[in-house]
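So this one's work.cif, mmCIF, C-alpha atoms and all ligand atoms:
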data_structure
#
loop_
_atom_site.label_atom_id
_atom_site.label_comp_id
_atom_site.auth_asym_id
_atom_site.auth_seq_id
_atom_site.Cartn_x
_atom_site.Cartn_y
_atom_site.Cartn_z
CA MET A 1 -41.31 53.39 59.87
CA ASP A 2 -42.46 51.55 62.92
CA ASN A 3 -46.09 52.37 63.21
CA TYR A 4 -47.25 49.95 60.55
CA ARG A 5 -47.53 47.24 63.15
CA ASP A 6 -50.39 48.96 64.85
CA THR A 7 -52.36 49.81 61.79
CA ALA A 8 -52.58 46.46 60.04
CA ALA A 9 -56.26 46.25 59.40
CA ASP A 10 -57.26 42.65 58.99
CA PRO A 11 -57.37 40.21 61.84
CA LEU A 12 -54.62 37.67 62.09
CA PRO A 13 -55.98 34.19 62.64
CA GLU A 14 -55.58 33.39 66.33
CA THR A 15 -51.89 32.82 65.97
CA GLU A 16 -50.16 32.14 69.24
CA LEU A 17 -46.99 34.04 68.79
CA PRO A 18 -44.28 31.52 68.95
CA GLU A 19 -41.35 31.51 71.27
CA ALA A 20 -38.18 31.68 69.25
CA ALA A 21 -37.59 28.07 70.05
CA ALA A 22 -36.73 26.11 67.00
CA SER A 23 -33.19 26.08 65.84
CA GLU A 24 -32.07 27.00 62.39
CA ALA A 25 -33.02 24.45 59.81
CA PRO A 26 -30.24 22.27 58.50
CA GLY A 27 -28.54 23.55 55.43
CA THR A 28 -29.54 27.16 56.04
CA GLU A 29 -26.59 29.43 55.78
CA ALA A 30 -26.55 32.76 57.51
CA SER A 31 -27.98 35.47 55.31
CA GLU A 32 -25.66 37.70 53.40
CA ALA A 33 -26.88 40.78 55.27
CA GLU A 34 -24.73 41.69 58.24
CA ALA A 35 -25.90 39.42 60.99
CA PRO A 36 -27.21 41.52 63.84
CA GLU A 37 -25.05 40.71 66.88
CA ALA A 38 -26.64 38.31 69.25
CA GLU A 39 -29.01 37.12 66.54
CA ALA A 40 -31.34 34.95 68.57
CA ALA A 41 -32.37 31.74 66.90
CA VAL A 42 -35.32 32.86 64.83
CA ARG A 43 -37.97 30.25 64.36
CA ILE A 44 -38.36 29.20 60.74
CA LEU A 45 -42.10 29.52 60.17
CA PRO A 46 -44.10 27.07 58.05
CA VAL A 47 -45.08 28.94 54.89
CA ALA A 48 -46.56 28.47 51.46
CA GLU A 49 -44.35 29.62 48.60
CA LEU A 50 -46.68 31.06 45.99
CA HIS A 51 -44.32 32.82 43.61
CA LEU A 52 -41.48 30.66 42.40
CA HIS A 53 -40.21 29.98 38.89
CA ILE A 54 -38.67 26.53 38.87
CA GLU A 55 -36.23 27.55 36.15
CA GLY A 56 -35.09 30.34 38.48
CA THR A 57 -33.90 27.77 41.00
CA LEU A 58 -31.09 26.51 38.74
CA GLN A 59 -28.03 27.18 40.85
CA PRO A 60 -24.74 27.91 39.02
CA GLU A 61 -23.25 24.60 40.19
CA LEU A 62 -26.19 22.67 38.77
CA ILE A 63 -25.97 24.62 35.50
CA PHE A 64 -22.39 23.37 35.08
CA GLU A 65 -23.26 19.84 36.19
CA LEU A 66 -26.13 19.56 33.70
CA ALA A 67 -24.04 21.13 30.91
CA GLU A 68 -21.40 18.48 31.45
CA ARG A 69 -23.94 15.68 31.60
CA ASN A 70 -25.53 16.85 28.34
CA GLY A 71 -22.33 17.67 26.50
CA ILE A 72 -23.20 21.35 26.26
CA THR A 73 -20.44 23.93 26.12
CA LEU A 74 -21.38 26.93 28.20
CA PRO A 75 -20.22 30.40 27.13
CA TYR A 76 -18.62 30.90 30.57
CA SER A 77 -15.17 29.75 31.62
CA GLY A 78 -16.36 28.68 35.05
CA LEU A 79 -18.54 29.35 38.08
CA ASP A 80 -16.90 32.67 38.88
CA GLU A 81 -17.49 34.08 35.45
CA LEU A 82 -21.11 32.95 35.53
CA ARG A 83 -21.67 34.35 39.01
CA GLY A 84 -20.18 37.63 37.84
CA LEU A 85 -23.09 38.02 35.44
CA TYR A 86 -25.71 38.14 38.21
CA GLU A 87 -25.75 41.94 38.27
CA PHE A 88 -29.01 43.04 36.74
CA THR A 89 -30.14 46.49 35.64
CA ASP A 90 -33.79 45.65 35.07
CA LEU A 91 -36.14 42.71 34.44
CA GLN A 92 -35.00 42.17 30.83
CA SER A 93 -31.31 41.97 31.74
CA PHE A 94 -32.19 39.16 34.13
CA LEU A 95 -34.50 37.40 31.68
CA ASP A 96 -31.72 37.29 29.08
CA LEU A 97 -29.50 35.22 31.41
CA TYR A 98 -32.41 33.19 32.81
CA TYR A 99 -33.47 32.03 29.33
CA ALA A 100 -29.87 31.44 28.20
CA ASN A 101 -29.11 29.18 31.17
CA MET A 102 -32.12 26.99 30.41
CA ALA A 103 -30.08 25.52 27.54
CA VAL A 104 -28.75 22.93 30.00
CA LEU A 105 -32.24 21.52 30.65
CA GLN A 106 -32.59 18.75 28.10
CA THR A 107 -34.05 15.59 29.60
CA GLU A 108 -36.83 14.70 32.01
CA GLN A 109 -34.12 13.81 34.48
CA ASP A 110 -32.70 17.33 34.27
CA PHE A 111 -36.07 18.87 35.09
CA ALA A 112 -36.61 16.37 37.89
CA ASP A 113 -33.17 17.00 39.41
CA MET A 114 -33.66 20.77 39.32
CA THR A 115 -37.05 20.40 40.99
CA ARG A 116 -35.79 18.05 43.70
CA ALA A 117 -32.93 20.42 44.49
CA TYR A 118 -35.44 23.23 44.97
CA LEU A 119 -37.71 21.10 47.17
CA ALA A 120 -34.83 20.07 49.42
CA ARG A 121 -33.72 23.68 49.90
CA ALA A 122 -37.31 24.94 50.27
CA ALA A 123 -38.01 22.40 53.02
CA ALA A 124 -35.08 23.81 54.99
CA ALA A 125 -36.56 27.30 54.44
CA GLY A 126 -39.85 26.28 56.08
CA VAL A 127 -41.84 25.83 52.87
CA ARG A 128 -44.65 23.32 53.47
CA HIS A 129 -46.68 24.03 50.35
CA ALA A 130 -45.26 25.27 47.05
CA GLU A 131 -47.05 26.54 43.97
CA ILE A 132 -44.45 26.23 41.31
CA MET A 133 -44.47 28.04 37.98
CA MET A 134 -42.76 26.68 34.93
CA ASP A 135 -42.33 28.28 31.50
CA PRO A 136 -43.17 25.61 28.88
CA GLN A 137 -42.76 28.01 25.96
CA ALA A 138 -39.16 28.70 26.97
CA HIS A 139 -38.44 24.99 26.51
CA LEU A 140 -40.55 24.38 23.40
CA SER A 141 -38.69 27.15 21.61
CA ARG A 142 -35.44 25.24 22.27
CA GLY A 143 -36.85 22.00 20.91
CA VAL A 144 -37.62 20.42 24.29
CA SER A 145 -41.08 18.86 24.23
CA LEU A 146 -43.97 19.60 26.57
CA GLU A 147 -43.81 15.99 27.77
CA THR A 148 -40.14 16.28 28.68
CA CYS A 149 -40.41 19.49 30.68
CA VAL A 150 -43.79 18.88 32.29
CA ASN A 151 -43.24 15.24 33.13
CA GLY A 152 -39.78 15.93 34.48
CA VAL A 153 -40.95 18.58 36.93
CA ALA A 154 -44.12 16.63 37.73
CA SER A 155 -42.21 13.45 38.53
CA ALA A 156 -40.38 15.26 41.34
CA LEU A 157 -43.60 16.88 42.58
CA ALA A 158 -45.36 13.51 42.66
CA THR A 159 -43.28 12.43 45.67
CA SER A 160 -42.73 15.84 47.29
CA VAL A 161 -45.01 15.19 50.27
CA LYS A 162 -43.31 11.90 51.09
CA ASP A 163 -39.78 13.08 50.35
CA PHE A 164 -39.86 16.67 51.63
CA GLY A 165 -43.13 17.24 53.49
CA ILE A 166 -44.14 19.78 50.85
CA SER A 167 -47.51 19.70 49.10
CA THR A 168 -47.38 21.27 45.65
CA MET A 169 -49.29 22.65 42.71
CA LEU A 170 -47.78 23.08 39.26
CA ILE A 171 -48.59 26.35 37.46
CA ALA A 172 -48.05 26.71 33.72
CA ALA A 173 -46.85 30.25 33.14
CA PHE A 174 -47.14 31.92 29.75
CA LEU A 175 -44.63 34.34 28.30
CA ARG A 176 -46.40 37.65 27.80
CA ASP A 177 -43.84 38.86 25.24
CA LEU A 178 -45.01 36.06 22.91
CA SER A 179 -48.38 36.06 21.14
CA GLU A 180 -51.67 34.94 22.63
CA GLU A 181 -51.92 32.42 19.79
CA SER A 182 -48.74 30.77 20.98
CA ALA A 183 -50.07 30.65 24.53
CA LEU A 184 -53.40 29.17 23.39
CA GLU A 185 -51.61 26.49 21.42
CA VAL A 186 -49.50 25.51 24.41
CA LEU A 187 -52.50 25.51 26.75
CA ASP A 188 -54.25 23.19 24.28
CA GLY A 189 -51.23 20.91 24.35
CA LEU A 190 -51.18 20.84 28.14
CA LEU A 191 -54.89 20.05 28.31
CA ALA A 192 -54.56 17.38 25.60
CA MET A 193 -51.80 15.60 27.52
CA ASN A 194 -53.78 15.97 30.75
CA ALA A 195 -50.80 17.73 32.31
CA PRO A 196 -50.94 17.82 36.12
CA ILE A 197 -51.30 21.60 36.32
CA GLY A 198 -53.65 23.38 38.71
CA ALA A 199 -53.32 26.95 37.52
CA ILE A 200 -51.92 29.23 34.85
CA GLY A 201 -49.81 32.34 35.27
CA LEU A 202 -48.41 35.14 33.11
CA ASP A 203 -44.76 36.18 33.29
CA SER A 204 -41.74 37.54 31.38
CA ALA A 205 -41.33 41.10 30.01
CA GLU A 206 -44.21 43.09 31.48
CA VAL A 207 -44.06 46.61 30.08
CA GLY A 208 -45.81 46.79 26.70
CA ASN A 209 -47.47 43.41 27.22
CA PRO A 210 -50.61 44.23 29.23
CA PRO A 211 -52.84 41.55 30.72
CA SER A 212 -55.62 42.34 28.22
CA LYS A 213 -53.48 40.73 25.51
CA PHE A 214 -54.34 37.35 27.10
CA GLU A 215 -58.07 37.66 27.68
CA ARG A 216 -58.96 34.57 25.64
CA LEU A 217 -56.20 32.49 27.21
CA PHE A 218 -57.44 33.14 30.72
CA ALA A 219 -61.08 32.59 29.71
CA LYS A 220 -60.11 29.22 28.29
CA ALA A 221 -58.09 28.24 31.35
CA ARG A 222 -60.97 29.22 33.64
CA GLN A 223 -63.31 27.07 31.55
CA ALA A 224 -60.90 24.18 31.97
CA GLY A 225 -61.18 24.53 35.75
CA LEU A 226 -57.74 26.01 36.31
CA ARG A 227 -56.95 28.64 38.95
CA LEU A 228 -55.64 31.96 37.68
CA THR A 229 -52.74 34.21 38.63
CA ALA A 230 -50.64 36.78 36.74
CA HIS A 231 -47.59 38.94 37.25
CA ALA A 232 -48.69 42.57 37.33
CA GLY A 233 -47.35 45.77 38.83
CA GLU A 234 -43.73 44.60 39.03
CA GLU A 235 -42.21 46.90 36.38
CA GLY A 236 -45.59 47.63 34.82
CA PRO A 237 -48.04 50.24 36.10
CA ALA A 238 -50.83 49.86 38.64
CA SER A 239 -53.32 49.86 35.77
CA TYR A 240 -52.00 46.40 34.76
CA ILE A 241 -53.11 45.09 38.15
CA ILE A 242 -56.61 46.42 37.52
CA GLU A 243 -56.62 44.81 34.07
CA ALA A 244 -55.46 41.47 35.44
CA LEU A 245 -58.34 41.51 37.90
CA ASP A 246 -61.04 42.88 35.59
CA VAL A 247 -60.10 41.46 32.20
CA LEU A 248 -58.39 38.19 33.13
CA GLY A 249 -60.30 37.52 36.35
CA VAL A 250 -57.20 36.45 38.24
CA GLU A 251 -57.52 35.46 41.89
CA ARG A 252 -54.03 36.50 42.83
CA ILE A 253 -51.44 39.05 41.68
CA ASP A 254 -47.76 38.16 41.45
CA HIS A 255 -45.66 41.09 42.72
CA GLY A 256 -48.28 43.88 42.60
CA ILE A 257 -46.09 46.30 44.51
CA ARG A 258 -46.86 49.20 42.20
CA CYS A 259 -50.43 49.15 43.51
CA MET A 260 -49.06 51.56 46.10
CA GLU A 261 -49.13 54.27 43.45
CA ASP A 262 -52.95 54.08 43.28
CA PRO A 263 -54.80 54.58 46.59
CA ASP A 264 -58.16 53.55 45.12
CA LEU A 265 -56.64 50.30 43.94
CA VAL A 266 -55.09 49.67 47.37
CA GLU A 267 -58.51 50.17 48.92
CA ARG A 268 -60.01 47.65 46.51
CA LEU A 269 -57.26 45.07 47.05
CA VAL A 270 -57.69 45.38 50.82
CA ALA A 271 -61.47 45.14 50.65
CA ASP A 272 -61.34 42.07 48.41
CA ARG A 273 -58.40 40.46 50.24
CA ILE A 274 -56.61 39.96 46.90
CA PRO A 275 -53.31 38.13 47.56
CA LEU A 276 -50.13 39.86 46.40
CA THR A 277 -47.14 37.52 46.17
CA VAL A 278 -44.32 39.89 46.98
CA CYS A 279 -40.66 39.03 46.30
CA PRO A 280 -38.44 41.52 48.13
CA LEU A 281 -34.97 40.31 47.11
CA SER A 282 -36.13 40.03 43.49
CA ASN A 283 -37.32 43.64 43.56
CA VAL A 284 -33.93 44.79 44.84
CA ARG A 285 -31.91 42.74 42.34
CA LEU A 286 -34.06 43.87 39.40
CA ARG A 287 -33.89 47.47 40.61
CA VAL A 288 -37.62 47.80 41.02
CA VAL A 289 -36.66 49.34 44.38
CA ASP A 290 -33.31 50.92 45.22
CA THR A 291 -32.57 49.01 48.41
CA LEU A 292 -34.43 46.65 50.70
CA ALA A 293 -34.90 49.54 53.13
CA ASP A 294 -36.92 51.27 50.39
CA HIS A 295 -39.19 48.29 49.84
CA PRO A 296 -42.90 49.01 50.25
CA LEU A 297 -43.63 45.79 52.16
CA PRO A 298 -44.02 47.54 55.55
CA ALA A 299 -46.33 50.11 54.00
CA MET A 300 -48.28 47.31 52.31
CA LEU A 301 -48.73 45.54 55.64
CA ALA A 302 -49.74 48.81 57.26
CA ALA A 303 -52.33 49.35 54.56
CA GLY A 304 -53.85 45.97 55.39
CA LEU A 305 -52.92 44.36 52.07
CA ASN A 306 -52.85 40.57 51.86
CA VAL A 307 -49.13 40.18 51.17
CA SER A 308 -46.88 37.14 51.36
CA VAL A 309 -43.11 36.79 51.01
CA ASN A 310 -41.75 34.68 48.17
CA SER A 311 -38.46 34.01 46.41
CA ASP A 312 -39.30 34.34 42.66
CA ASP A 313 -35.98 33.14 41.16
CA PRO A 314 -33.91 32.35 44.24
CA ALA A 315 -30.78 31.18 42.44
CA TYR A 316 -30.55 34.56 40.72
CA PHE A 317 -31.72 36.98 43.39
CA GLY A 318 -29.68 36.03 46.43
CA GLY A 319 -31.92 33.81 48.42
CA TYR A 320 -34.80 31.52 49.24
CA VAL A 321 -37.85 32.34 51.36
CA ASP A 322 -35.92 32.14 54.64
CA ASP A 323 -33.29 34.53 53.25
CA ASN A 324 -36.04 36.93 52.20
CA PHE A 325 -37.47 36.85 55.74
CA ALA A 326 -34.04 37.22 57.32
CA GLN A 327 -33.06 40.19 55.19
CA LEU A 328 -36.44 41.85 55.69
CA GLY A 329 -35.90 41.37 59.41
CA ALA A 330 -32.48 43.01 59.18
CA ALA A 331 -33.87 45.93 57.15
CA PHE A 332 -37.08 46.56 59.08
CA GLY A 333 -36.91 44.61 62.31
CA LEU A 334 -39.99 42.55 61.45
CA SER A 335 -41.80 41.60 64.64
CA GLU A 336 -42.87 38.04 65.40
CA PHE A 337 -46.39 39.31 64.80
CA ASP A 338 -45.50 40.53 61.29
CA ARG A 339 -43.69 37.32 60.48
CA ALA A 340 -46.61 35.21 61.61
CA ARG A 341 -49.02 37.39 59.65
CA LEU A 342 -46.94 36.99 56.48
CA ALA A 343 -46.81 33.22 57.01
CA ALA A 344 -50.56 33.03 57.66
CA ASN A 345 -51.26 35.16 54.58
CA SER A 346 -49.21 32.79 52.43
CA ILE A 347 -51.17 29.78 53.64
CA HIS A 348 -54.58 31.38 53.24
CA SER A 349 -53.66 32.78 49.79
CA SER A 350 -52.62 29.41 48.40
CA PHE A 351 -54.68 27.19 46.12
CA ALA A 352 -54.30 24.30 48.58
CA SER A 353 -57.33 22.44 49.88
CA ASP A 354 -59.07 23.73 53.00
CA GLU A 355 -57.78 20.63 54.82
CA ARG A 356 -54.18 21.33 53.88
CA LYS A 357 -54.53 25.00 54.82
CA ALA A 358 -55.92 23.98 58.23
CA GLU A 359 -52.96 21.65 58.80
CA LEU A 360 -50.50 24.40 58.00
CA VAL A 361 -52.27 26.99 60.15
CA ASP A 362 -52.17 24.47 63.00
CA GLU A 363 -48.46 23.98 62.50
CA LEU A 364 -47.95 27.75 62.48
CA ASN A 365 -49.97 28.19 65.68
CA ARG A 366 -48.28 25.30 67.46
CA GLY A 367 -45.07 27.28 67.65
C1 LIG B 1 -39.60 36.51 36.36
CL1 LIG B 1 -38.97 38.22 38.35
C2 LIG B 1 -39.83 37.75 36.95
N1 LIG B 1 -40.70 38.61 36.39
C3 LIG B 1 -41.32 38.26 35.27
N2 LIG B 1 -41.15 37.09 34.66
C4 LIG B 1 -40.30 36.21 35.22
N3 LIG B 1 -39.92 34.98 34.86
C5 LIG B 1 -39.04 34.53 35.73
N4 LIG B 1 -38.82 35.45 36.66
ZN ZN B 2 -41.98 36.04 39.09
#

Final structure tokens representation of the file:
Amino acid sequence: MDNYRDTAADPLPETELPEAAASEAPGTEASEAEAPEAEAAVRILPVAELHLHIEGTLQPELIFELAERNGITLPYSGLDELRGLYEFTDLQSFLDLYYANMAVLQTEQDFADMTRAYLARAAAAGVRHAEIMMDPQAHLSRGVSLETCVNGVASALATSVKDFGISTMLIAAFLRDLSEESALEVLDGLLAMNAPIGAIGLDSAEVGNPPSKFERLFAKARQAGLRLTAHAGEEGPASYIIEALDVLGVERIDHGIRCMEDPDLVERLVADRIPLTVCPLSNVRLRVVDTLADHPLPAMLAAGLNVSVNSDDPAYFGGYVDDNFAQLGAAFGLSEFDRARLAANSIHSSFASDERKAELVDELNRG
């Protein structure tokens, strides 16, 4: 399980491998994995978070706080009962709770508070650029307007560089278990209000909802100048990854881990440097893999795939980007070289400007 370090195919940008100098960022608790004895201070690397659902950052405490503020009675007696529900058997069992908890998001302020809480925690995790998905249809269906949800999140993002040192892009994600007509209508609404989005994505229940269902949506978004990404190959088969690339023309694949079942596809993804935004703790919690030790990330690195580490829905899956790195380190003993490669991949795979990417690569190399 160790030889993957030697076989990684693509060159790492001249990254000086950092001395483990910096101390743990403030507010970072030790990971839940058993701490290896004599855990040396591991440098928190500057990274881009590319796969993050803002609604999946609602921590249980904030759910209760917003419920109280909005006069909503939650169907849980308290934090312990809610936390007890975070045992998922598959993607759908998670989505059921994720959508239910959104009931507490009612006002622009709610969306802004949730987003600021994420940014503060992400900054401590080393995130310097964040591409943040939101699910407008999950709010519209509850009677919360596009203006409320988009403007609320966007208001927090508008000051994220000044307040948290994090540059951002907002991604409107579409629910693949709803119709393409619904998605097209919402995209029209976003374009009509000149929403500050830079990309679209595709999420929610994957199996039975192949990328090809959204061919017109992605064509329209491309025409509007938006960048394109889609979840594929999380629970769904490798063929969905091929469809997302060939039918939707996406630039990036969210998850994509099931590509490992198709060697020809792996070869293509390596050759074309297609970014895969991998979310290890998510895959464990949603039982896409049995344990972290079974995760294909080391094999993906060994194959030369352009993978990054992301948190997906950190409030539900046991951790933010730093926790994902820490637990990967505990499971696989990630080398400094691997960690720096993953950080560099995240920066290069982002939709940030070339100038911003150069700044972040500099910060990474500075050590
Ligand atoms: C999601 Cl982990 C995951 N997969 C698909 N859709 C999602 N929405 C929020 N988290
Ligand atoms: Zn996701």

*Could I get the residue neighbourhood of ligand ZN 2 (chain B) at 8 Å, counting all atoms listed in the file, as number ranges by chain?*
A: 51-53, 203-204, 231, 254-255, 279, 312-313

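Closest approach to ligand LIG 1 (chain B) among A:Glu49, A:Asp163, A:Asp96, A:Glu251: A:Asp96, based on all atoms listed in the file.
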
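Straight-line separation from atom CA of A:Gly165 to atom CA of A:Ala122: 10.2 Å.
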
*Just the residues within 7 Å of A:Val104, please, counting all atoms listed in the file, with nothing from its chain fewer than 6 positions along; format it as a list of chain:residue names.*
A:Ile63, A:Leu66, A:Ala67, A:Ile72

Which chain A residues have any atom within 9 Å of an atom of ligand LIG 1 (chain B), and for each, what is the nearest pair of atoms with distance in Å to one decimal, counting only C-alpha atoms and all ligand atoms, rows sorted by chain and number, as a Markdown table?
| residue | atom | partner | partner_atom | distance |
| --- | --- | --- | --- | --- |
| A:Leu52 | CA | B:LIG1 | N4 | 7.9 |
| A:His53 | CA | B:LIG1 | C5 | 5.7 |
| A:Ile54 | CA | B:LIG1 | C5 | 8.6 |
| A:Glu55 | CA | B:LIG1 | C5 | 7.5 |
| A:Gly56 | CA | B:LIG1 | C5 | 6.4 |
| A:Leu91 | CA | B:LIG1 | N1 | 6.4 |
| A:Gln92 | CA | B:LIG1 | C3 | 8.7 |
| A:Phe94 | CA | B:LIG1 | N4 | 8.0 |
| A:Leu95 | CA | B:LIG1 | C5 | 6.7 |
| A:Tyr98 | CA | B:LIG1 | C5 | 7.4 |
| A:Tyr99 | CA | B:LIG1 | C5 | 8.8 |
| A:Met133 | CA | B:LIG1 | C5 | 8.8 |
| A:Met134 | CA | B:LIG1 | C5 | 8.7 |
| A:Asp135 | CA | B:LIG1 | N3 | 7.9 |
| A:Ala173 | CA | B:LIG1 | N3 | 8.6 |
| A:Leu175 | CA | B:LIG1 | N2 | 7.8 |
| A:Arg176 | CA | B:LIG1 | N2 | 8.7 |
| A:Leu202 | CA | B:LIG1 | N2 | 7.7 |
| A:Asp203 | CA | B:LIG1 | N2 | 4.0 |
| A:Ser204 | CA | B:LIG1 | N2 | 3.4 |
| A:Ala205 | CA | B:LIG1 | C3 | 6.0 |
| A:Glu206 | CA | B:LIG1 | C3 | 6.8 |
| A:His231 | CA | B:LIG1 | C3 | 6.6 |
| A:Ala232 | CA | B:LIG1 | C3 | 8.8 |
| A:Glu234 | CA | B:LIG1 | N1 | 7.2 |
| A:Glu235 | CA | B:LIG1 | N1 | 8.4 |
| A:Asp254 | CA | B:LIG1 | N1 | 8.7 |
| A:His255 | CA | B:LIG1 | N1 | 8.4 |
| A:Cys279 | CA | B:LIG1 | CL1 | 8.2 |
| A:Ser282 | CA | B:LIG1 | CL1 | 6.1 |
| A:Asn283 | CA | B:LIG1 | CL1 | 7.7 |
| A:Leu286 | CA | B:LIG1 | CL1 | 7.6 |
| A:Asp312 | CA | B:LIG1 | CL1 | 5.8 |
| A:Asp313 | CA | B:LIG1 | N4 | 5.8 |
| A:Phe317 | CA | B:LIG1 | CL1 | 8.9 |

Output C-alpha atoms for every residue in that selection, as a PDB file, in the coordinates of the input.
ATOM      1  CA  LEU A  52     -41.480  30.660  42.400  1.00  0.00           C
ATOM      2  CA  HIS A  53     -40.210  29.980  38.890  1.00  0.00           C
ATOM      3  CA  ILE A  54     -38.670  26.530  38.870  1.00  0.00           C
ATOM      4  CA  GLU A  55     -36.230  27.550  36.150  1.00  0.00           C
ATOM      5  CA  GLY A  56     -35.090  30.340  38.480  1.00  0.00           C
ATOM      6  CA  LEU A  91     -36.140  42.710  34.440  1.00  0.00           C
ATOM      7  CA  GLN A  92     -35.000  42.170  30.830  1.00  0.00           C
ATOM      8  CA  PHE A  94     -32.190  39.160  34.130  1.00  0.00           C
ATOM      9  CA  LEU A  95     -34.500  37.400  31.680  1.00  0.00           C
ATOM     10  CA  TYR A  98     -32.410  33.190  32.810  1.00  0.00           C
ATOM     11  CA  TYR A  99     -33.470  32.030  29.330  1.00  0.00           C
ATOM     12  CA  MET A 133     -44.470  28.040  37.980  1.00  0.00           C
ATOM     13  CA  MET A 134     -42.760  26.680  34.930  1.00  0.00           C
ATOM     14  CA  ASP A 135     -42.330  28.280  31.500  1.00  0.00           C
ATOM     15  CA  ALA A 173     -46.850  30.250  33.140  1.00  0.00           C
ATOM     16  CA  LEU A 175     -44.630  34.340  28.300  1.00  0.00           C
ATOM     17  CA  ARG A 176     -46.400  37.650  27.800  1.00  0.00           C
ATOM     18  CA  LEU A 202     -48.410  35.140  33.110  1.00  0.00           C
ATOM     19  CA  ASP A 203     -44.760  36.180  33.290  1.00  0.00           C
ATOM     20  CA  SER A 204     -41.740  37.540  31.380  1.00  0.00           C
ATOM     21  CA  ALA A 205     -41.330  41.100  30.010  1.00  0.00           C
ATOM     22  CA  GLU A 206     -44.210  43.090  31.480  1.00  0.00           C
ATOM     23  CA  HIS A 231     -47.590  38.940  37.250  1.00  0.00           C
ATOM     24  CA  ALA A 232     -48.690  42.570  37.330  1.00  0.00           C
ATOM     25  CA  GLU A 234     -43.730  44.600  39.030  1.00  0.00           C
ATOM     26  CA  GLU A 235     -42.210  46.900  36.380  1.00  0.00           C
ATOM     27  CA  ASP A 254     -47.760  38.160  41.450  1.00  0.00           C
ATOM     28  CA  HIS A 255     -45.660  41.090  42.720  1.00  0.00           C
ATOM     29  CA  CYS A 279     -40.660  39.030  46.300  1.00  0.00           C
ATOM     30  CA  SER A 282     -36.130  40.030  43.490  1.00  0.00           C
ATOM     31  CA  ASN A 283     -37.320  43.640  43.560  1.00  0.00           C
ATOM     32  CA  LEU A 286     -34.060  43.870  39.400  1.00  0.00           C
ATOM     33  CA  ASP A 312     -39.300  34.340  42.660  1.00  0.00           C
ATOM     34  CA  ASP A 313     -35.980  33.140  41.160  1.00  0.00           C
ATOM     35  CA  PHE A 317     -31.720  36.980  43.390  1.00  0.00           C
TER      36      PHE A 317
END

*asked:* If we count all atoms listed in the file and set the cut-off at 8 Å, which residues sit around A:Arg252, ignoring sequence neighbours fewer than 4 positions away in its own chain? Please answer as JSON, numbers by chain.
replied: {"A": [228, 229, 230, 274, 275, 276, 277, 349]}

*Please provide the set of residues having any atom within 10 Å of A:Leu187, restricted to all atoms listed in the file, with same-chain residues fewer than 2 positions apart removed, written as number ranges by chain.*
A: 136, 172-174, 181-185, 189-193, 195, 200, 217-218, 220-221, 224

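With all atoms listed in the file as the atoms that count, the residue of A:Tyr320, A:Thr107, A:Ala199, A:Asn306 with the shortest distance to A:Gly225 is A:Ala199.
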
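Distances from A:Ile166, A:Ala100, A:Ala302, A:Ala330 to A:Pro75 were compared using all atoms listed in the file, and the smallest one belongs to A:Ala100.
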
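Residues lying within 10 Å of (-57.6, 45.1, 39.6). Counted over all atoms listed in the file, they are Ala232, Ala238, Ser239, Tyr240, Ile241, Ile242, Glu243, Ala244, Leu245, Asp246, Val247, Leu248, Gly249, Val250, Glu251, Arg252, Ile253, Gly256, Cys259, Leu265, Val266, Arg268, Leu269 and Ile274 of chain A.
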
*Which is closer to A:Val307 than all the others in A:Ala326, A:Ala293, A:Ala343, A:Leu360, using only C-alpha atoms?*
A:Ala343

Could I see stretch 115-123 of chain A restored to N, CA and C atoms, set down as a tab-separated table (two decimals), keeping the file's coordinate frame?
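Saved to selection31.tsv:
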chain	number	residue	atom	x	y	z
A	115	THR	N	-35.89	20.25	40.12
A	115	THR	CA	-37.05	20.40	40.99
A	115	THR	C	-36.77	19.81	42.37
A	116	ARG	N	-36.12	18.66	42.41
A	116	ARG	CA	-35.79	18.05	43.70
A	116	ARG	C	-34.81	18.92	44.49
A	117	ALA	N	-33.88	19.53	43.79
A	117	ALA	CA	-32.93	20.42	44.49
A	117	ALA	C	-33.68	21.59	45.11
A	118	TYR	N	-34.64	22.14	44.39
A	118	TYR	CA	-35.44	23.23	44.97
A	118	TYR	C	-36.21	22.72	46.19
A	119	LEU	N	-36.87	21.60	46.06
A	119	LEU	CA	-37.71	21.10	47.17
A	119	LEU	C	-36.89	20.87	48.43
A	120	ALA	N	-35.69	20.32	48.26
A	120	ALA	CA	-34.83	20.07	49.42
A	120	ALA	C	-34.47	21.40	50.11
A	121	ARG	N	-34.10	22.38	49.32
A	121	ARG	CA	-33.72	23.68	49.90
A	121	ARG	C	-34.94	24.39	50.48
A	122	ALA	N	-36.08	24.28	49.79
A	122	ALA	CA	-37.31	24.94	50.27
A	122	ALA	C	-37.75	24.35	51.60
A	123	ALA	N	-37.61	23.03	51.75
A	123	ALA	CA	-38.01	22.40	53.02
A	123	ALA	C	-37.21	22.99	54.17
